[in-house]
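What follows is the content of final.txt, which has compact mmCIF, C-alpha atoms:
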```txt
# COMPACT_ATOMS: atom_id res chain seq x y z
CA MET A 1 13.33 8.66 13.84
CA TYR A 2 16.30 7.43 11.82
CA THR A 3 19.04 9.48 10.16
CA ILE A 4 19.75 8.81 6.47
CA ARG A 5 23.39 8.76 5.39
CA MET A 6 25.40 7.66 2.40
CA GLY A 7 26.82 4.21 2.99
CA SER A 8 28.91 3.97 -0.18
CA ASP A 9 30.64 5.95 -2.89
CA VAL A 10 28.48 4.06 -5.40
CA ALA A 11 25.29 5.55 -3.94
CA GLU A 12 26.76 9.05 -4.06
CA ALA A 13 27.70 8.67 -7.73
CA GLN A 14 24.30 7.22 -8.61
CA ILE A 15 22.49 10.09 -6.87
CA ASP A 16 24.61 12.61 -8.79
CA ASP A 17 23.22 11.12 -12.02
CA LEU A 18 19.53 11.44 -11.05
CA SER A 19 17.26 14.02 -12.63
CA ASP A 20 15.45 16.61 -10.52
CA ALA A 21 12.23 14.57 -10.69
CA GLU A 22 14.10 11.43 -9.59
CA ILE A 23 15.69 13.35 -6.70
CA ASN A 24 12.18 14.32 -5.57
CA VAL A 25 11.17 10.64 -5.59
CA LEU A 26 14.30 9.77 -3.63
CA LEU A 27 13.41 12.40 -1.03
CA GLU A 28 9.94 10.85 -0.71
CA ILE A 29 11.56 7.46 -0.11
CA TYR A 30 13.91 8.96 2.47
CA GLU A 31 10.95 10.43 4.39
CA VAL A 32 9.46 6.92 4.71
CA LEU A 33 12.80 5.35 5.62
CA ARG A 34 13.38 7.92 8.37
CA LEU A 35 10.21 6.69 10.09
CA THR A 36 9.88 2.99 9.20
CA PRO A 37 13.03 1.60 7.56
CA GLY A 38 12.12 -1.98 8.51
CA ASN A 39 9.12 -1.97 6.18
CA GLY A 40 11.32 -2.39 3.09
CA ARG A 41 11.81 -5.72 1.34
CA LYS A 42 14.47 -7.71 3.21
CA LEU A 43 17.15 -9.19 0.96
CA THR A 44 17.64 -12.20 3.25
CA PRO A 45 15.63 -13.27 6.30
CA THR A 46 18.52 -12.78 8.72
CA SER A 47 20.14 -9.62 7.39
CA ASN A 48 19.56 -5.95 8.08
CA MET A 49 19.78 -5.11 4.35
CA TYR A 50 16.63 -3.94 2.58
CA VAL A 51 15.35 -2.63 -0.76
CA TRP A 52 12.64 -0.01 -1.22
CA ASP A 53 11.15 0.41 -4.72
CA TYR A 54 8.99 3.42 -5.54
CA LYS A 55 8.10 5.34 -8.72
CA GLY A 56 11.04 4.06 -10.76
CA ILE A 57 13.70 4.40 -8.04
CA SER A 58 15.11 1.50 -6.04
CA VAL A 59 17.10 2.16 -2.86
CA THR A 60 19.22 -0.58 -1.30
CA TYR A 61 20.06 0.21 2.31
CA VAL A 62 21.20 -1.16 5.65
CA VAL A 63 19.45 -0.39 8.93
CA LEU A 64 21.94 0.37 11.69
CA ASP A 65 19.68 0.11 14.74
CA PRO A 66 22.18 0.89 17.50
CA GLN A 67 23.10 4.16 15.77
CA GLY A 68 19.55 4.93 14.60
CA GLU A 69 20.77 5.27 11.01
CA VAL A 70 19.86 4.09 7.55
CA ALA A 71 22.91 3.77 5.28
CA THR A 72 22.14 4.03 1.56
CA LEU A 73 24.22 1.56 -0.46
CA ARG A 74 22.71 1.84 -3.96
CA VAL A 75 20.18 4.02 -5.78
CA ASP A 76 19.02 2.49 -9.04
CA ARG A 77 16.46 3.32 -11.70
CA PHE A 78 13.96 0.68 -12.78
CA PRO A 79 11.19 0.75 -15.39
CA VAL A 80 7.91 2.01 -13.99
```
Once more with this new file: its structure as structure tokens, please.
Amino acid sequence: MYTIRMGSDVAEAQIDDLSDAEINVLLEIYEVLRLTPGNGRKLTPTSNMYVWDYKGISVTYVVLDPQGEVATLRVDRFPV
């Protein structure tokens, strides 16, 4: 199981702007990422950077395998 952590000040600021309903969606995404972070959409074939889109929220993150962590870089809204 992976640990989720903030990987940037940008992500922290974006999360602060989310509504309660959006926070709940983000928590659902985090539950999936804790178990299977590699199932996200890879940004490039050779990188460890991924995007996970779900219910109007898009999370950009990096998988840090040696540490067993997922570092959140961005949390964006997108039209559902």
Range 23-33 of chain A surroundings by only C-alpha atoms, 8 Å radius, close-in-sequence under 6 positions cut, as a ChimeraX atom specification: /A:2,4,15,52,54-55,57,70
Would you kindly return, as a short mmCIF file (atom, residue, chain, number, x, y, z; two decimals) with C-alpha atoms, in the frame of the given file, each protein, DNA or RNA residue with an atom no farther than 12 Å from any atom of Met6 in chain A, considering all atoms listed in the file and excluding same-chain residues fewer than 4 positions away?
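For reference, around_27.cif as written:
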```
data_model
loop_
_atom_site.label_atom_id
_atom_site.label_comp_id
_atom_site.auth_asym_id
_atom_site.auth_seq_id
_atom_site.Cartn_x
_atom_site.Cartn_y
_atom_site.Cartn_z
CA VAL A 10 28.48 4.06 -5.40
CA ALA A 11 25.29 5.55 -3.94
CA GLU A 12 26.76 9.05 -4.06
CA ALA A 13 27.70 8.67 -7.73
CA GLN A 14 24.30 7.22 -8.61
CA ILE A 15 22.49 10.09 -6.87
CA TYR A 30 13.91 8.96 2.47
CA VAL A 59 17.10 2.16 -2.86
CA THR A 60 19.22 -0.58 -1.30
CA TYR A 61 20.06 0.21 2.31
CA VAL A 62 21.20 -1.16 5.65
CA VAL A 63 19.45 -0.39 8.93
CA GLU A 69 20.77 5.27 11.01
CA VAL A 70 19.86 4.09 7.55
CA ALA A 71 22.91 3.77 5.28
CA THR A 72 22.14 4.03 1.56
CA LEU A 73 24.22 1.56 -0.46
CA ARG A 74 22.71 1.84 -3.96
CA VAL A 75 20.18 4.02 -5.78
#
```
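Here CA of Gly68 in chain A and CA of Leu18 in chain A stand 26.5 Å from one another.
Pairwise distance (CA of Thr3 in chain A, CA of Ser47 in chain A) equals 19.3 Å.
Take the candidates A:Arg34, A:Ser19, A:Phe78, A:Arg5 and check each one against Gly56 in chain A using all atoms listed in the file; the shortest distance goes to A:Phe78.
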Please return as a ChimeraX atom specification every residue within 10 Å of (19.2, -6.0, 5.7), taking into account all atoms listed in the file and the file's own coordinates. /A:37-38,40-51,60-64
Go through A:Thr36, A:Met1, A:Pro66, A:Asp76 and flag the residue nearest Asp16 in chain A, using all atoms listed in the file for the distances. A:Asp76
Select, from A:Ser58, A:Ala21, A:Gly7, A:Leu35, the residue with the minimum atom-to-atom distance to Arg77 in chain A, counting only C-alpha atoms. A:Ser58
Can you pull range 33-44 of chain A out of that block with N, CA and C atoms and hand it back as a CSV table (one decimal), in the first residue's frame?
```csv
chain,number,residue,atom,x,y,z
A,33,LEU,N,-5.4,5.2,-5.6
A,33,LEU,CA,-4.0,5.4,-5.8
A,33,LEU,C,-3.2,4.8,-4.7
A,34,ARG,N,-3.7,4.6,-3.5
A,34,ARG,CA,-3.0,4.0,-2.4
A,34,ARG,C,-2.8,2.5,-2.7
A,35,LEU,N,-3.7,1.9,-3.5
A,35,LEU,CA,-3.6,0.5,-3.8
A,35,LEU,C,-2.9,0.2,-5.2
A,36,THR,N,-3.3,1.0,-6.2
A,36,THR,CA,-2.8,0.7,-7.6
A,36,THR,C,-2.5,2.0,-8.3
A,37,PRO,N,-1.4,2.7,-7.9
A,37,PRO,CA,-1.1,4.0,-8.5
A,37,PRO,C,-0.7,3.8,-9.9
A,38,GLY,N,-0.1,2.7,-10.3
A,38,GLY,CA,0.3,2.5,-11.7
A,38,GLY,C,-0.8,2.3,-12.7
A,39,ASN,N,-2.0,2.3,-12.3
A,39,ASN,CA,-3.1,2.1,-13.2
A,39,ASN,C,-3.6,3.5,-13.8
A,40,GLY,N,-3.0,4.6,-13.4
A,40,GLY,CA,-3.3,5.9,-14.0
A,40,GLY,C,-2.8,6.0,-15.4
A,41,ARG,N,-3.2,7.1,-16.1
A,41,ARG,CA,-2.7,7.3,-17.4
A,41,ARG,C,-1.3,7.9,-17.4
A,42,LYS,N,-0.3,7.2,-17.9
A,42,LYS,CA,1.1,7.7,-17.9
A,42,LYS,C,1.2,8.9,-18.9
A,43,LEU,N,1.9,9.9,-18.5
A,43,LEU,CA,2.1,11.1,-19.3
A,43,LEU,C,3.1,10.8,-20.4
A,44,THR,N,4.2,10.0,-20.1
A,44,THR,CA,5.1,9.6,-21.2
A,44,THR,C,5.4,8.1,-20.9
```
